[in-house]
Amino acid sequence: MNSYQFLSERPREAAKSVLLAPPSNAFSGLRHAIRTRRIFLGLVSLASILSESLGIFLGNVRFQVTQTFFVNQLCTWAAVGIMSSMLLILLVSFFLKWPHMPVDPGSIAGAMYYVCESSVVDKFEGLSTFDKKDRDRTVTGMGLLYEFGERMSAEGGTRVGLNVLDTKVFMP
């Protein structure tokens, strides 16, 4: 949902919005967060990476005769630290402004809901046959701005979705 939150803040050009692939795991999420300077996404990705080692730390919390007291204390406090940071990130997420999203965008159907009845479909017609590099160059060359939010539907009501603004981005 971070991509949709990013688009809902203000209109963005294609290279910083529709051409960015969402991260598929915590490691690519951390790289994506650093590249796009998204602090919250970076913290969530870092907590997810640290949670991978949480099982090892929790397995050594119960003191055993075969381990030293130092290892027991280290594992206990590392587990407490990781879980505390995860709890803090969860609490912070309640205070962030998230866009209204009636459908989960994680599935293909959910993603299609947000581009349905949008001029994005018309603008990208025929680009599916291009390879990634040519497609990205063509979309960037259009110089359009994209935003996520309320827009008019074909029936005359409003719906949430991806908007293409008529404003062009200055391309040097």
# chains A, B, ... in the order shown; residues from 1 in each chain; ligands from 1

$ residues_around --residues "Val71 of chain A" --least-positions-apart "3" --cutoff "12 Å" --atoms "only C-alpha atoms" --output "ChimeraX atom specification"
/A:56-68,74-78

$ write_last_selection --atoms "N, CA and C atoms" --output "PDB file, in the first residue's frame"
ATOM      1  N   ILE A  56      15.616 -17.569  16.467  1.00  0.00           N
ATOM      2  CA  ILE A  56      16.886 -17.996  17.077  1.00  0.00           C
ATOM      3  C   ILE A  56      17.022 -17.399  18.478  1.00  0.00           C
ATOM      4  N   PHE A  57      16.707 -16.112  18.596  1.00  0.00           N
ATOM      5  CA  PHE A  57      16.818 -15.462  19.905  1.00  0.00           C
ATOM      6  C   PHE A  57      15.824 -16.038  20.906  1.00  0.00           C
ATOM      7  N   LEU A  58      14.586 -16.251  20.466  1.00  0.00           N
ATOM      8  CA  LEU A  58      13.576 -16.790  21.383  1.00  0.00           C
ATOM      9  C   LEU A  58      13.883 -18.227  21.790  1.00  0.00           C
ATOM     10  N   GLY A  59      14.549 -18.966  20.913  1.00  0.00           N
ATOM     11  CA  GLY A  59      14.918 -20.350  21.241  1.00  0.00           C
ATOM     12  C   GLY A  59      15.966 -20.426  22.342  1.00  0.00           C
ATOM     13  N   ASN A  60      16.702 -19.346  22.550  1.00  0.00           N
ATOM     14  CA  ASN A  60      17.750 -19.334  23.571  1.00  0.00           C
ATOM     15  C   ASN A  60      17.380 -18.525  24.803  1.00  0.00           C
ATOM     16  N   VAL A  61      16.131 -18.123  24.921  1.00  0.00           N
ATOM     17  CA  VAL A  61      15.718 -17.333  26.086  1.00  0.00           C
ATOM     18  C   VAL A  61      15.693 -18.178  27.347  1.00  0.00           C
ATOM     19  N   ARG A  62      15.169 -19.383  27.252  1.00  0.00           N
ATOM     20  CA  ARG A  62      15.132 -20.247  28.439  1.00  0.00           C
ATOM     21  C   ARG A  62      16.551 -20.685  28.775  1.00  0.00           C
ATOM     22  N   PHE A  63      16.963 -20.402  29.990  1.00  0.00           N
ATOM     23  CA  PHE A  63      18.338 -20.705  30.384  1.00  0.00           C
ATOM     24  C   PHE A  63      18.559 -22.212  30.449  1.00  0.00           C
ATOM     25  N   GLN A  64      19.665 -22.638  29.857  1.00  0.00           N
ATOM     26  CA  GLN A  64      20.039 -24.045  29.869  1.00  0.00           C
ATOM     27  C   GLN A  64      21.442 -24.167  30.450  1.00  0.00           C
ATOM     28  N   VAL A  65      21.761 -25.322  30.956  1.00  0.00           N
ATOM     29  CA  VAL A  65      23.066 -25.560  31.573  1.00  0.00           C
ATOM     30  C   VAL A  65      24.183 -25.456  30.531  1.00  0.00           C
ATOM     31  N   THR A  66      23.879 -25.729  29.272  1.00  0.00           N
ATOM     32  CA  THR A  66      24.909 -25.753  28.231  1.00  0.00           C
ATOM     33  C   THR A  66      25.253 -24.375  27.668  1.00  0.00           C
ATOM     34  N   GLN A  67      24.600 -23.331  28.138  1.00  0.00           N
ATOM     35  CA  GLN A  67      24.908 -21.993  27.635  1.00  0.00           C
ATOM     36  C   GLN A  67      25.330 -21.075  28.775  1.00  0.00           C
ATOM     37  N   THR A  68      26.026 -20.014  28.393  1.00  0.00           N
ATOM     38  CA  THR A  68      26.488 -19.066  29.413  1.00  0.00           C
ATOM     39  C   THR A  68      25.378 -18.074  29.731  1.00  0.00           C
ATOM     40  N   LEU A  74      21.872 -11.865  26.321  1.00  0.00           N
ATOM     41  CA  LEU A  74      21.942 -11.277  24.990  1.00  0.00           C
ATOM     42  C   LEU A  74      20.718 -11.674  24.153  1.00  0.00           C
ATOM     43  N   CYS A  75      20.378 -12.935  24.158  1.00  0.00           N
ATOM     44  CA  CYS A  75      19.222 -13.414  23.384  1.00  0.00           C
ATOM     45  C   CYS A  75      17.920 -12.856  23.936  1.00  0.00           C
ATOM     46  N   THR A  76      17.804 -12.794  25.261  1.00  0.00           N
ATOM     47  CA  THR A  76      16.583 -12.260  25.875  1.00  0.00           C
ATOM     48  C   THR A  76      16.370 -10.814  25.481  1.00  0.00           C
ATOM     49  N   TRP A  77      17.406  -9.987  25.639  1.00  0.00           N
ATOM     50  CA  TRP A  77      17.248  -8.558  25.366  1.00  0.00           C
ATOM     51  C   TRP A  77      17.189  -8.248  23.876  1.00  0.00           C
ATOM     52  N   ALA A  78      17.807  -9.068  23.044  1.00  0.00           N
ATOM     53  CA  ALA A  78      17.677  -8.888  21.596  1.00  0.00           C
ATOM     54  C   ALA A  78      16.240  -9.185  21.173  1.00  0.00           C
TER      55      ALA A  78
END

$ select_by_dssp --residues "segment 37-165 of chain A" --states "helix (DSSP H, G or I)" --output "PyMOL selection string"
chain A and resi 39-51+54-59+69-93+108-115+119-123+127-129+132-142

$ residues_around --residues "segment 81-83 of chain A" --least-positions-apart "2" --cutoff "10 Å" --atoms "only C-alpha atoms" --output "list in words"
Ala47, Ser48, Leu50, Ser51, Ser53, Leu54, Phe57, Cys75, Thr76, Trp77, Ala78, Ala79, Ser85, Met86, Leu87, Leu88 and Ile89 of chain A

$ write_last_selection --atoms "N, CA and C atoms" --output "short mmCIF file (atom, residue, chain, number, x, y, z; two decimals), in the first residue's frame"
data_model
loop_
_atom_site.label_atom_id
_atom_site.label_comp_id
_atom_site.auth_asym_id
_atom_site.auth_seq_id
_atom_site.Cartn_x
_atom_site.Cartn_y
_atom_site.Cartn_z
N ALA A 47 12.31 -4.07 10.30
CA ALA A 47 11.71 -4.91 11.34
C ALA A 47 11.42 -6.31 10.80
N SER A 48 11.02 -6.39 9.56
CA SER A 48 10.77 -7.70 8.96
C SER A 48 12.06 -8.50 8.80
N LEU A 50 14.75 -8.14 10.71
CA LEU A 50 15.15 -8.54 12.06
C LEU A 50 14.28 -9.67 12.60
N SER A 51 13.03 -9.72 12.18
CA SER A 51 12.14 -10.78 12.67
C SER A 51 12.56 -12.16 12.16
N SER A 53 15.46 -13.37 12.43
CA SER A 53 16.35 -13.94 13.45
C SER A 53 15.67 -14.07 14.81
N LEU A 54 14.45 -13.63 14.91
CA LEU A 54 13.74 -13.66 16.19
C LEU A 54 13.58 -15.08 16.72
N PHE A 57 16.71 -16.11 18.60
CA PHE A 57 16.82 -15.46 19.90
C PHE A 57 15.82 -16.04 20.91
N CYS A 75 20.38 -12.93 24.16
CA CYS A 75 19.22 -13.41 23.38
C CYS A 75 17.92 -12.86 23.94
N THR A 76 17.80 -12.79 25.26
CA THR A 76 16.58 -12.26 25.87
C THR A 76 16.37 -10.81 25.48
N TRP A 77 17.41 -9.99 25.64
CA TRP A 77 17.25 -8.56 25.37
C TRP A 77 17.19 -8.25 23.88
N ALA A 78 17.81 -9.07 23.04
CA ALA A 78 17.68 -8.89 21.60
C ALA A 78 16.24 -9.18 21.17
N ALA A 79 15.64 -10.24 21.71
CA ALA A 79 14.25 -10.58 21.40
C ALA A 79 13.30 -9.49 21.89
N SER A 85 10.46 -2.90 19.05
CA SER A 85 10.50 -2.05 17.87
C SER A 85 9.34 -2.38 16.92
N MET A 86 8.98 -3.66 16.84
CA MET A 86 7.84 -4.04 16.01
C MET A 86 6.54 -3.47 16.56
N LEU A 87 6.39 -3.49 17.87
CA LEU A 87 5.20 -2.92 18.50
C LEU A 87 5.15 -1.41 18.29
N LEU A 88 6.28 -0.75 18.40
CA LEU A 88 6.34 0.70 18.18
C LEU A 88 5.97 1.05 16.74
N ILE A 89 6.46 0.28 15.78
CA ILE A 89 6.12 0.52 14.37
C ILE A 89 4.62 0.32 14.15
#

$ residues_around --residues "Leu30 of chain A" --least-positions-apart "3" --cutoff "6 Å" --atoms "only C-alpha atoms" --output "PyMOL selection string"
chain A and resi 27+33+42+45

$ select_by_dssp --residues "chain A" --states "strand (DSSP E)" --output "count of residues only"
22
